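Engineer: File coords-v5.pdb follows (PDB, C-alpha atoms, pLDDT in the B column):
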MODEL        1
ATOM      1  CA  MET A   1      83.312 115.696  83.472  1.00 50.00           C
ATOM      2  CA  PRO A   2      83.412 116.990  87.061  1.00 52.00           C
ATOM      3  CA  ARG A   3      86.877 117.891  88.318  1.00 48.00           C
ATOM      4  CA  PRO A   4      88.104 116.789  91.737  1.00 50.00           C
ATOM      5  CA  ALA A   5      89.257 119.579  94.013  1.00 51.00           C
ATOM      6  CA  ARG A   6      91.088 119.567  97.335  1.00 50.00           C
ATOM      7  CA  MET A   7      88.909 121.180  99.960  1.00 47.00           C
ATOM      8  CA  PRO A   8      90.571 122.308 103.188  1.00 39.00           C
ATOM      9  CA  PRO A   9      88.329 121.320 106.111  1.00 36.00           C
ATOM     10  CA  ARG A  10      85.314 123.587 106.574  1.00 32.00           C
ATOM     11  CA  HIS A  11      86.131 125.600 103.438  1.00 30.00           C
ATOM     12  CA  PRO A  12      85.229 124.051 100.050  1.00 30.00           C
ATOM     13  CA  GLU A  13      87.163 125.430  97.107  1.00 33.00           C
ATOM     14  CA  ASN A  14      85.357 126.754  94.062  1.00 29.00           C
ATOM     15  CA  LEU A  15      87.844 126.061  91.340  1.00 26.00           C
ATOM     16  CA  ALA A  16      87.766 128.424  88.380  1.00 24.00           C
ATOM     17  CA  ARG A  17      88.355 127.007  84.947  1.00 24.00           C
ATOM     18  CA  ASP A  18      92.055 127.403  84.240  1.00 26.00           C
ATOM     19  CA  ARG A  19      93.348 127.118  80.691  1.00 24.00           C
ATOM     20  CA  ALA A  20      97.008 127.450  81.638  1.00 28.00           C
ATOM     21  CA  VAL A  21      99.670 124.933  80.616  1.00 32.00           C
ATOM     22  CA  ARG A  22      98.652 121.398  81.499  1.00 34.00           C
ATOM     23  CA  ASP A  23     100.882 118.741  83.072  1.00 36.00           C
ATOM     24  CA  LYS A  24     101.830 115.358  81.588  1.00 37.00           C
ATOM     25  CA  ASN A  25      98.470 113.931  82.706  1.00 42.00           C
ATOM     26  CA  GLY A  26      96.558 116.627  80.874  1.00 43.00           C
ATOM     27  CA  ARG A  27      95.502 118.466  84.032  1.00 42.00           C
ATOM     28  CA  SER A  28      95.538 122.221  84.404  1.00 40.00           C
ATOM     29  CA  PRO A  29      96.773 123.754  87.691  1.00 37.00           C
ATOM     30  CA  ALA A  30      93.172 124.100  88.864  1.00 42.00           C
ATOM     31  CA  GLU A  31      92.542 120.399  88.242  1.00 45.00           C
ATOM     32  CA  ARG A  32      95.527 119.177  90.240  1.00 40.00           C
ATOM     33  CA  PRO A  33      95.097 118.074  93.845  1.00 38.00           C
ATOM     34  CA  ARG A  34      95.507 120.852  96.385  1.00 37.00           C
ATOM     35  CA  ALA A  35      97.656 119.690  99.320  1.00 31.00           C
ATOM     36  CA  SER A  36      97.633 122.934 101.292  1.00 30.00           C
ATOM     37  CA  LYS A  37      96.221 122.626 104.793  1.00 32.00           C
ATOM     38  CA  GLU A  38      95.854 126.314 105.491  1.00 28.00           C
ATOM     39  CA  ALA A  39      93.145 128.225 107.307  1.00 26.00           C
ATOM     40  CA  GLY A  40      89.622 126.835 107.491  1.00 31.00           C
ATOM     41  CA  CYS A  41      86.281 128.500 106.895  1.00 30.00           C
ATOM     42  CA  ARG A  42      85.028 131.321 109.091  1.00 28.00           C
ATOM     43  CA  ASP A  43      81.708 131.624 107.310  1.00 33.00           C
ATOM     44  CA  THR A  44      78.666 129.732 108.620  1.00 34.00           C
ATOM     45  CA  VAL A  45      77.154 129.142 105.181  1.00 36.00           C
ATOM     46  CA  GLN A  46      80.382 127.596 103.869  1.00 38.00           C
ATOM     47  CA  ARG A  47      80.764 125.464 106.996  1.00 42.00           C
ATOM     48  CA  LYS A  48      77.232 124.109 106.597  1.00 42.00           C
ATOM     49  CA  ARG A  49      78.017 123.327 102.952  1.00 46.00           C
ATOM     50  CA  SER A  50      81.132 121.353 103.868  1.00 50.00           C
ATOM     51  CA  ASN A  51      79.358 119.501 106.674  1.00 46.00           C
ATOM     52  CA  GLY A  52      76.604 118.638 104.197  1.00 46.00           C
ATOM     53  CA  ILE A  53      78.993 116.731 101.937  1.00 57.00           C
ATOM     54  CA  LEU A  54      78.738 113.586 104.008  1.00 51.00           C
ATOM     55  CA  ASP A  55      74.951 113.887 104.369  1.00 49.00           C
ATOM     56  CA  SER A  56      74.651 114.194 100.585  1.00 50.00           C
ATOM     57  CA  PHE A  57      76.101 110.732 100.109  1.00 51.00           C
ATOM     58  CA  GLN A  58      73.948 108.739 102.521  1.00 49.00           C
ATOM     59  CA  GLY A  59      73.562 105.382 100.827  1.00 42.00           C
ATOM     60  CA  ALA A  60      75.608 106.483  97.807  1.00 42.00           C
ATOM     61  CA  GLY A  61      79.005 105.119  98.849  1.00 42.00           C
ATOM     62  CA  LYS A  62      81.286 103.468  96.314  1.00 43.00           C
ATOM     63  CA  GLY A  63      82.941 100.381  97.778  1.00 46.00           C
ATOM     64  CA  ASP A  64      82.770 101.690 101.365  1.00 46.00           C
ATOM     65  CA  ARG A  65      81.580  99.221 103.996  1.00 41.00           C
ATOM     66  CA  ARG A  66      80.848 101.903 106.574  1.00 44.00           C
ATOM     67  CA  PRO A  67      77.886 104.248 106.827  1.00 45.00           C
ATOM     68  CA  VAL A  68      78.433 107.966 106.464  1.00 48.00           C
ATOM     69  CA  HIS A  69      79.187 109.130 109.969  1.00 53.00           C
ATOM     70  CA  GLY A  70      78.734 112.011 112.343  1.00 55.00           C
ATOM     71  CA  ASP A  71      80.191 115.443 111.990  1.00 75.00           C
ATOM     72  CA  LEU A  72      83.538 114.237 110.623  1.00 85.00           C
ATOM     73  CA  LEU A  73      84.336 117.541 108.931  1.00 82.00           C
ATOM     74  CA  GLY A  74      83.062 119.738 111.718  1.00 81.00           C
ATOM     75  CA  THR A  75      84.827 118.056 114.650  1.00 88.00           C
ATOM     76  CA  THR A  76      88.162 116.947 113.194  1.00 92.00           C
ATOM     77  CA  ALA A  77      91.244 119.166 113.432  1.00 93.00           C
ATOM     78  CA  GLU A  78      92.488 120.504 110.097  1.00 91.00           C
ATOM     79  CA  ARG A  79      95.870 118.812 110.504  1.00 95.00           C
ATOM     80  CA  ASP A  80      94.066 115.455 110.769  1.00 97.00           C
ATOM     81  CA  LEU A  81      91.902 115.721 107.672  1.00 94.00           C
ATOM     82  CA  PHE A  82      92.061 115.756 103.872  1.00 95.00           C
ATOM     83  CA  VAL A  83      88.880 116.259 101.850  1.00 92.00           C
ATOM     84  CA  PHE A  84      88.484 116.099  98.063  1.00 92.00           C
ATOM     85  CA  THR A  85      85.333 116.872  96.128  1.00 89.00           C
ATOM     86  CA  ALA A  86      84.087 116.772  92.538  1.00 88.00           C
ATOM     87  CA  GLU A  87      81.675 119.471  91.430  1.00 86.00           C
ATOM     88  CA  GLU A  88      79.457 119.886  88.422  1.00 87.00           C
ATOM     89  CA  ALA A  89      77.720 123.197  87.730  1.00 87.00           C
ATOM     90  CA  GLY A  90      78.508 124.311  91.268  1.00 83.00           C
ATOM     91  CA  THR A  91      77.011 121.210  92.872  1.00 84.00           C
ATOM     92  CA  ILE A  92      79.081 118.641  94.768  1.00 85.00           C
ATOM     93  CA  VAL A  93      78.614 115.271  93.050  1.00 87.00           C
ATOM     94  CA  GLY A  94      81.376 113.274  94.726  1.00 88.00           C
ATOM     95  CA  GLY A  95      83.604 113.385  97.756  1.00 89.00           C
ATOM     96  CA  ILE A  96      86.247 111.445  99.649  1.00 93.00           C
ATOM     97  CA  VAL A  97      87.717 111.972 103.096  1.00 93.00           C
ATOM     98  CA  PHE A  98      91.049 110.907 104.609  1.00 96.00           C
ATOM     99  CA  SER A  99      91.540 111.249 108.387  1.00 97.00           C
ATOM    100  CA  ARG A 100      94.523 110.562 110.604  1.00 98.00           C
ATOM    101  CA  LEU A 101      95.109 107.107 112.075  1.00 98.00           C
ATOM    102  CA  THR A 102      97.715 107.174 114.841  1.00 98.00           C
ATOM    103  CA  TYR A 103      99.843 104.142 115.770  1.00 98.00           C
ATOM    104  CA  ASP A 104     101.240 104.562 119.255  1.00 92.00           C
ATOM    105  CA  ARG A 105     104.585 102.888 118.617  1.00 96.00           C
ATOM    106  CA  ASP A 106     105.144 103.868 114.994  1.00 98.00           C
ATOM    107  CA  ASP A 107     106.402 107.230 113.747  1.00 96.00           C
ATOM    108  CA  ARG A 108     105.032 106.837 110.215  1.00 98.00           C
ATOM    109  CA  THR A 109     102.135 109.062 109.163  1.00 98.00           C
ATOM    110  CA  VAL A 110      98.986 107.082 108.373  1.00 98.00           C
ATOM    111  CA  PHE A 111      95.615 108.260 107.055  1.00 98.00           C
ATOM    112  CA  VAL A 112      92.456 106.185 106.676  1.00 98.00           C
ATOM    113  CA  LEU A 113      90.149 106.715 103.700  1.00 97.00           C
ATOM    114  CA  ALA A 114      86.448 106.953 104.612  1.00 93.00           C
ATOM    115  CA  PRO A 115      83.899 107.740 103.435  1.00 90.00           C
ATOM    116  CA  VAL A 116      83.826 107.677  99.645  1.00 90.00           C
ATOM    117  CA  GLY A 117      80.666 108.868  97.941  1.00 87.00           C
ATOM    118  CA  VAL A 118      79.386 109.669  94.469  1.00 88.00           C
ATOM    119  CA  ALA A 119      75.863 111.013  94.010  1.00 86.00           C
ATOM    120  CA  THR A 120      73.553 108.391  92.570  1.00 85.00           C
ATOM    121  CA  GLY A 121      72.941 110.129  89.264  1.00 87.00           C
ATOM    122  CA  HIS A 122      76.662 110.496  88.638  1.00 88.00           C
ATOM    123  CA  GLN A 123      77.870 106.980  89.347  1.00 89.00           C
ATOM    124  CA  GLY A 124      79.479 104.923  86.604  1.00 91.00           C
ATOM    125  CA  LYS A 125      81.345 107.923  85.157  1.00 92.00           C
ATOM    126  CA  GLY A 126      84.705 107.269  86.835  1.00 93.00           C
ATOM    127  CA  ILE A 127      84.312 110.153  89.283  1.00 93.00           C
ATOM    128  CA  GLY A 128      85.112 108.031  92.340  1.00 93.00           C
ATOM    129  CA  GLN A 129      88.230 106.495  90.842  1.00 95.00           C
ATOM    130  CA  ARG A 130      89.499 109.888  89.720  1.00 95.00           C
ATOM    131  CA  LEU A 131      88.933 111.358  93.174  1.00 94.00           C
ATOM    132  CA  LEU A 132      90.810 108.446  94.731  1.00 97.00           C
ATOM    133  CA  ALA A 133      93.752 108.680  92.330  1.00 96.00           C
ATOM    134  CA  ASP A 134      94.127 112.438  92.757  1.00 94.00           C
ATOM    135  CA  GLY A 135      93.592 112.280  96.518  1.00 96.00           C
ATOM    136  CA  LEU A 136      96.280 109.638  96.978  1.00 98.00           C
ATOM    137  CA  ALA A 137      98.637 111.639  94.758  1.00 97.00           C
ATOM    138  CA  ALA A 138      98.096 114.691  96.952  1.00 97.00           C
ATOM    139  CA  LEU A 139      98.846 112.679 100.102  1.00 98.00           C
ATOM    140  CA  ARG A 140     102.078 111.443  98.508  1.00 97.00           C
ATOM    141  CA  GLU A 141     103.104 114.996  97.665  1.00 97.00           C
ATOM    142  CA  THR A 142     102.369 116.058 101.240  1.00 96.00           C
ATOM    143  CA  GLY A 143     104.625 113.337 102.651  1.00 97.00           C
ATOM    144  CA  ILE A 144     102.046 110.929 104.082  1.00 98.00           C
ATOM    145  CA  ASP A 145     103.608 107.462 104.460  1.00 98.00           C
ATOM    146  CA  ILE A 146     100.661 105.049 104.367  1.00 98.00           C
ATOM    147  CA  ALA A 147      96.980 105.029 103.423  1.00 98.00           C
ATOM    148  CA  VAL A 148      94.526 102.394 104.641  1.00 98.00           C
ATOM    149  CA  THR A 149      90.843 101.832 104.010  1.00 98.00           C
ATOM    150  CA  TYR A 150      88.048  99.395 104.818  1.00 97.00           C
ATOM    151  CA  GLY A 151      85.905  98.352 101.890  1.00 95.00           C
ATOM    152  CA  ASP A 152      85.559  96.358  98.686  1.00 96.00           C
ATOM    153  CA  PRO A 153      88.986  94.977  97.647  1.00 97.00           C
ATOM    154  CA  GLY A 154      87.903  94.824  94.005  1.00 96.00           C
ATOM    155  CA  TYR A 155      87.080  98.522  93.940  1.00 96.00           C
ATOM    156  CA  TYR A 156      90.041  99.873  95.898  1.00 97.00           C
ATOM    157  CA  SER A 157      92.641  97.618  94.278  1.00 97.00           C
ATOM    158  CA  LYS A 158      92.236  99.762  91.146  1.00 97.00           C
ATOM    159  CA  VAL A 159      94.079 102.587  92.925  1.00 98.00           C
ATOM    160  CA  GLY A 160      96.790 100.502  94.571  1.00 98.00           C
ATOM    161  CA  PHE A 161      95.240  99.184  97.787  1.00 98.00           C
ATOM    162  CA  ALA A 162      95.993  95.574  98.738  1.00 98.00           C
ATOM    163  CA  PRO A 163      94.688  93.325 101.538  1.00 98.00           C
ATOM    164  CA  ILE A 164      96.414  93.536 104.916  1.00 98.00           C
ATOM    165  CA  THR A 165      95.709  91.666 108.133  1.00 98.00           C
ATOM    166  CA  GLU A 166      94.789  93.030 111.533  1.00 98.00           C
ATOM    167  CA  ALA A 167      98.078  91.623 112.803  1.00 97.00           C
ATOM    168  CA  PHE A 168      99.916  93.625 110.127  1.00 98.00           C
ATOM    169  CA  ALA A 169      98.095  96.886 110.952  1.00 98.00           C
ATOM    170  CA  GLN A 170      95.720  96.914 113.895  1.00 98.00           C
ATOM    171  CA  ALA A 171      92.424  98.719 113.315  1.00 98.00           C
ATOM    172  CA  PRO A 172      90.953 100.882 116.088  1.00 98.00           C
ATOM    173  CA  PHE A 173      88.297  98.200 116.709  1.00 97.00           C
ATOM    174  CA  LYS A 174      87.860  94.537 115.804  1.00 97.00           C
ATOM    175  CA  LEU A 175      86.799  94.387 112.164  1.00 97.00           C
ATOM    176  CA  LYS A 176      83.503  92.761 111.220  1.00 96.00           C
ATOM    177  CA  HIS A 177      84.797  92.145 107.676  1.00 97.00           C
ATOM    178  CA  PRO A 178      88.579  91.703 107.936  1.00 97.00           C
ATOM    179  CA  GLU A 179      88.781  90.812 104.235  1.00 97.00           C
ATOM    180  CA  GLY A 180      88.042  94.483 103.555  1.00 97.00           C
ATOM    181  CA  TRP A 181      91.058  95.825 105.490  1.00 98.00           C
ATOM    182  CA  LEU A 182      93.377  97.312 102.859  1.00 98.00           C
ATOM    183  CA  GLY A 183      96.532  99.403 102.732  1.00 98.00           C
ATOM    184  CA  GLN A 184      99.287 100.814 100.557  1.00 98.00           C
ATOM    185  CA  SER A 185     102.575 102.622 100.925  1.00 98.00           C
ATOM    186  CA  LEU A 186     102.646 106.170  99.576  1.00 98.00           C
ATOM    187  CA  THR A 187     106.446 106.288  99.491  1.00 98.00           C
ATOM    188  CA  ASP A 188     109.057 104.386  97.523  1.00 97.00           C
ATOM    189  CA  ARG A 189     109.432 101.987 100.456  1.00 97.00           C
ATOM    190  CA  GLU A 190     107.513  98.743 100.842  1.00 97.00           C
ATOM    191  CA  MET A 191     104.760  98.821 103.434  1.00 98.00           C
ATOM    192  CA  THR A 192     105.866  96.962 106.564  1.00 98.00           C
ATOM    193  CA  PRO A 193     103.792  96.145 109.684  1.00 98.00           C
ATOM    194  CA  LEU A 194     102.580  99.086 111.726  1.00 98.00           C
ATOM    195  CA  LYS A 195     103.567  98.939 115.392  1.00 97.00           C
ATOM    196  CA  GLY A 196     101.162  99.186 118.268  1.00 94.00           C
ATOM    197  CA  PRO A 197      97.436  99.826 118.653  1.00 97.00           C
ATOM    198  CA  SER A 198      95.825 102.537 116.541  1.00 98.00           C
ATOM    199  CA  ARG A 199      93.636 105.534 117.326  1.00 97.00           C
ATOM    200  CA  CYS A 200      91.260 107.158 114.854  1.00 97.00           C
ATOM    201  CA  VAL A 201      89.690 110.612 114.978  1.00 96.00           C
ATOM    202  CA  GLU A 202      86.750 111.049 117.335  1.00 94.00           C
ATOM    203  CA  ALA A 203      84.066 111.013 114.621  1.00 92.00           C
ATOM    204  CA  LEU A 204      85.084 107.453 113.633  1.00 93.00           C
ATOM    205  CA  ASN A 205      85.679 106.248 117.181  1.00 93.00           C
ATOM    206  CA  ASP A 206      82.721 103.858 117.252  1.00 92.00           C
ATOM    207  CA  PRO A 207      82.859 100.065 116.694  1.00 94.00           C
ATOM    208  CA  ALA A 208      79.728 100.348 114.535  1.00 90.00           C
ATOM    209  CA  PHE A 209      81.894 101.861 111.782  1.00 90.00           C
ATOM    210  CA  TRP A 210      84.386  99.007 111.840  1.00 94.00           C
TER     211      TRP A 210
ENDMDL
END
Let's see the structure in the file written out as structure tokens.
Structural biologist:
Amino acid sequence: MPRPARMPPRHPENLARDRAVRDKNGRSPAERPRASKEAGCRDTVQRKRSNGILDSFQGAGKGDRRPVHGDLLGTTAERDLFVFTAEEAGTIVGGIVFSRLTYDRDDRTVFVLAPVGVATGHQGKGIGQRLLADGLAALRETGIDIAVTYGDPGYYSKVGFAPITEAFAQAPFKLKHPEGWLGQSLTDREMTPLKGPSRCVEALNDPAFW
């Protein structure tokens, strides 16, 4: 089964098979989420490969209400982005992206999940759910406070997301499907209302995506 891997923006990781001691979940060090946000890619071929992740999943989203958008990987600052991919035989077959969502009057760190994609021929194998679980675990380890997303409640509830209202956490734009606005705390504290209006990264700053 493909293994999810943390990919720093603009520099996909090629994880070698690692047969070292596995953790309590049966994962080797190479299979565990990578939370490092160090230097990005300086190679044009690698940058094109990372930018192509989103294009590869046009129409192949899992539970995501939004289309795959713009140059999210190419235009977003590294500190504002987490990317996780699943590869099989050197080919990317799934990917998820978290980008920063800033609340003007709240000091908690919030990231929004979008998009989520699994290549058509690889759907139904649990790849998306595994990417989500490992991605959220990596955000917790990094110290992110809250994750939100906008999609199918039935799909995302499997990894801890629950419905929230726009009054509880204001989206960057008025939501067309408010029933799909979801959130969860990534700390041991209960999620409480987020204060103030929110700002997303530039690549998502379009009401068409909301």
Engineer: Counting only C-alpha atoms, I want the residues whose atoms come within 7 Å of (85.7, 105.9, 102.9) in the file frame, returned as a ChimeraX atom specification.
Structural biologist: /A:64,96-97,113-116,149
Engineer: Contacts of Gly94 (chain A) at 7 Å or less, counting all atoms listed in the file, minus same-chain residues fewer than 4 places along, as a PyMOL selection string?
Structural biologist: chain A and resi 85-86+117-119+127-128
Engineer: Specify as an MDAnalysis selection string each residue included when the PyMOL selection byres ((chain A and resi 103-111) around 10) is applied to this file.
Structural biologist: chainID A and resid 80:82 97:102 112:114 139 143:149 169:172 183 185:186 193:200
Engineer: Can you spit out the residues from that selection as a compact mmCIF listing (two decimals), keeping the file's coordinate frame, using C-alpha atoms?
Structural biologist:
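So the final result, stored in out.txt, reads:
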# COMPACT_ATOMS: atom_id res chain seq x y z
CA ASP A 80 94.07 115.46 110.77
CA LEU A 81 91.90 115.72 107.67
CA PHE A 82 92.06 115.76 103.87
CA VAL A 97 87.72 111.97 103.10
CA PHE A 98 91.05 110.91 104.61
CA SER A 99 91.54 111.25 108.39
CA ARG A 100 94.52 110.56 110.60
CA LEU A 101 95.11 107.11 112.08
CA THR A 102 97.72 107.17 114.84
CA VAL A 112 92.46 106.18 106.68
CA LEU A 113 90.15 106.72 103.70
CA ALA A 114 86.45 106.95 104.61
CA LEU A 139 98.85 112.68 100.10
CA GLY A 143 104.62 113.34 102.65
CA ILE A 144 102.05 110.93 104.08
CA ASP A 145 103.61 107.46 104.46
CA ILE A 146 100.66 105.05 104.37
CA ALA A 147 96.98 105.03 103.42
CA VAL A 148 94.53 102.39 104.64
CA THR A 149 90.84 101.83 104.01
CA ALA A 169 98.10 96.89 110.95
CA GLN A 170 95.72 96.91 113.90
CA ALA A 171 92.42 98.72 113.32
CA PRO A 172 90.95 100.88 116.09
CA GLY A 183 96.53 99.40 102.73
CA SER A 185 102.58 102.62 100.92
CA LEU A 186 102.65 106.17 99.58
CA PRO A 193 103.79 96.14 109.68
CA LEU A 194 102.58 99.09 111.73
CA LYS A 195 103.57 98.94 115.39
CA GLY A 196 101.16 99.19 118.27
CA PRO A 197 97.44 99.83 118.65
CA SER A 198 95.82 102.54 116.54
CA ARG A 199 93.64 105.53 117.33
CA CYS A 200 91.26 107.16 114.85
Engineer: To one decimal place, how far is CA of Arg140 (chain A) from CA of Gln184 (chain A) in Å?
Structural biologist: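 The value is 11.2 Å.
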Engineer: Measuring between only C-alpha atoms, which one of A:Ala203, A:Ile92, A:Ala208, A:Ala133 shows the shortest distance to Ser157 (chain A)?
Structural biologist: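 For Ser157 (chain A), the nearest of the candidates is A:Ala133.
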Engineer: Could you tell me how far CA of Ile164 (chain A) sits from CA of Pro207 (chain A), in Å to one decimal place?
Structural biologist: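 Computed distance, CA of Pro207 (chain A) to CA of Ile164 (chain A), equals 19.1 Å.
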Engineer: With distances taken over all atoms listed in the file, which of A:Glu202, A:Asp152, A:Glu190, A:Asp134 is nearest to His177 (chain A)?
Structural biologist: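 Checking each candidate against His177 (chain A), we get A:Asp152 as the closest.
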